[in-house]
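Taking it in order: structure first as structure tokens, then the write-up.
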Amino acid sequence: MYKQDGFTIIELIIVIAVIGIIAAIAVPNFLSYLPDARLKSAARDLYSNLQQAKISAIKSNKKWAIVFNADAGTYEVCSGKGPDDSWGGINDVVKKVILSDYGSGVTFGKGSATDPIGGTFGNDFITYSSPKNAVVMNSRGTSNSGYVYLTNSSNISCYGVGTRSSGVVILRRWIGADALAPWG
């Protein structure tokens with residue numbers, strides 16, 4: 001007696017149909033997850049850059065700054081003077097970050113958040129005031145206080161990343177109007 005091994009056409013069609021159904025369910029869920037993942041990545045990178053500027057300022061015994069440009073949707077990590085000549089030293093741009101490179105419409109903004117970290121939003125999504133739109137870390141690891149808010153094209157989620165005058169770096173997330181516990 002002759003025995004054949006293998007799959008029948010019907011079995012292959014059923015397997016392909018099951019894979020198609022699973023893909024039809026998974027792809028939309030993945031695509032809705034992607035913008036929030038990109039926003040989270042941008043917020044965590046900013047948090048890391050603030051920490052790195054603090055550590056570098058202590059290590060090099062000179063001021064480091066992160067200068068934000070809301071109109072261009074960018075920020076620069078600088079060693080030395082930061083946003084202007086009043087800080088002294090040489091202003092070397094160590095890194096330039098372009099928020100649009102993250103995709104999904106990541107930009108400065110508050111999304112649907114209504115309760116900012118320590119203050120009111122007003123029209124500014126960058127609350128560093130002295131110097132304007134820049135955080136400056138000194139050689140003791142302390143800084144000026146303020147926050148930067150990031151959102152994406154969905155405007156549902158928002159992240160607030162900033163520093164206290166003690167140099168503590170904070171990362172906080174909003175979903176809708178409700179703020180979640182701070183990280184960091």
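Residue numbering restarts at 1 for every chain of the structure tokens, chains are lettered A, B, ... in their displayed order, and ligands are numbered from 1 as they appear.
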
Please extract the residues of stretch 9-119 of chain A with a backbone DSSP assignment of strand (DSSP E) and present them as a ChimeraX atom specification. /A:64-69,74-79,92-98,107-108

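Within the 9 Å cut-off around stretch 22-35 of chain A, using only C-alpha atoms and omitting residues fewer than 5 positions from it on the same chain, the listed residues are Ala17, Lys40, Gly103, Ser104, Gly105, Val106, Asn152, Ser153 and Ser154 of chain A.
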
Take the selection from the previous step and output its residues with N, CA and C atoms, as a CSV table (one decimal), in the first residue's frame.
```
chain,number,residue,atom,x,y,z
A,17,ALA,N,-6.0,31.4,5.1
A,17,ALA,CA,-7.2,32.2,5.5
A,17,ALA,C,-7.0,32.6,7.0
A,40,LYS,N,6.4,58.5,22.8
A,40,LYS,CA,7.1,58.0,24.0
A,40,LYS,C,8.6,58.0,23.8
A,103,GLY,N,8.5,61.0,13.4
A,103,GLY,CA,7.3,60.6,12.7
A,103,GLY,C,6.1,60.8,13.5
A,104,SER,N,4.9,60.5,12.9
A,104,SER,CA,3.6,60.5,13.6
A,104,SER,C,3.3,61.9,14.1
A,105,GLY,N,3.8,63.0,13.5
A,105,GLY,CA,3.5,64.3,13.9
A,105,GLY,C,4.0,64.7,15.3
A,106,VAL,N,5.1,64.1,15.8
A,106,VAL,CA,5.6,64.5,17.1
A,106,VAL,C,6.1,66.0,17.0
A,152,ASN,N,1.6,64.4,19.8
A,152,ASN,CA,1.7,63.9,18.4
A,152,ASN,C,0.4,64.3,17.6
A,153,SER,N,0.3,63.8,16.4
A,153,SER,CA,-0.8,64.2,15.6
A,153,SER,C,-2.2,63.8,16.2
A,154,SER,N,-2.2,62.8,17.0
A,154,SER,CA,-3.5,62.3,17.6
A,154,SER,C,-4.0,63.3,18.7
```

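Within 7 Å of A:Val135, once only C-alpha atoms are used and residues closer than 2 positions along the same chain are dropped, the contacting residues are Ala65, Ile66, Val67, Tyr128, Met137, Ser143 and Asn144 of chain A.
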
One decimal, Å: what's the distance from atom CA of A:Glu76 over to atom CA of A:Ile126, could you say? 13.9 Å

Residues at most 6 Å from A:Phe125, counting only C-alpha atoms, excluding those fewer than 2 positions away in the same chain, as a PyMOL selection string? chain A and resi 109+148-149

Dump C-alpha atoms for the selected residues as a PDB file, in the first residue's frame?
```
ATOM      1  CA  GLY A 109       2.362  70.825  22.353  1.00  0.00           C
ATOM      2  CA  VAL A 148       8.721  71.064  27.726  1.00  0.00           C
ATOM      3  CA  TYR A 149       5.524  69.412  26.488  1.00  0.00           C
TER       4      TYR A 149
END
```

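Compared by their closest atoms to A:Phe108, and using only C-alpha atoms, the residues A:Thr151, A:Gln4, A:Asn133, A:Asn138 rank with A:Thr151 nearest.
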
Helix (DSSP H, G or I) call set, DSSP backbone run, stretch 70-174 of chain A, as number ranges by chain: A: 85-87, 99-102

May I have the residues within 7 Å of A:Tyr75 as a ChimeraX atom specification, using only C-alpha atoms and disregarding those fewer than 6 positions away in the same chain? /A:66-69,96-98

Go ahead and write the selection's residues with N, CA and C atoms as a compact mmCIF listing (two decimals), in the first residue's frame.
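So the final result, stored in result37.txt, reads:
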```txt
# COMPACT_ATOMS: atom_id res chain seq x y z
N ILE A 66 20.40 72.94 26.98
CA ILE A 66 19.55 72.42 25.91
C ILE A 66 18.67 73.59 25.49
N VAL A 67 18.78 73.95 24.23
CA VAL A 67 18.08 75.11 23.69
C VAL A 67 16.96 74.61 22.79
N PHE A 68 15.73 75.05 23.08
CA PHE A 68 14.54 74.60 22.37
C PHE A 68 14.10 75.65 21.36
N ASN A 69 13.70 75.20 20.17
CA ASN A 69 13.17 76.08 19.14
C ASN A 69 11.79 75.54 18.75
N LYS A 96 21.81 67.81 17.73
CA LYS A 96 20.59 68.52 17.33
C LYS A 96 19.51 67.47 17.09
N VAL A 97 18.35 67.68 17.72
CA VAL A 97 17.25 66.75 17.60
C VAL A 97 16.10 67.43 16.86
N ILE A 98 15.61 66.79 15.83
CA ILE A 98 14.49 67.30 15.04
C ILE A 98 13.29 66.40 15.35
```

Hey, what's within 10 Å of A:Ala42 if we count only C-alpha atoms and toss same-chain stuff fewer than 3 positions away? As a ChimeraX atom specification, please? /A:36-39,45-48,97-103,106-107,150-151,159

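Proximity of A:Val161, A:Val93, A:Val136, A:Val168 to A:Arg44, computed with only C-alpha atoms, is greatest for A:Val161.
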
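From atom CA of A:Val169 back to atom CA of A:Leu50, the distance works out to 7.0 Å.
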
Which residues come within 7 Å of A:Gly146, counting only C-alpha atoms, excluding same-chain residues fewer than 3 positions away, as a ChimeraX atom specification? /A:127-128,162-164

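Compared by their closest atoms to A:Ser139, and using only C-alpha atoms, the residues A:Lys110, A:Lys95, A:Arg173, A:Lys54 rank with A:Lys54 nearest.
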
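Interatomic distance, atom CA of A:Arg140 to atom CA of A:Asn49: 17.1 Å.
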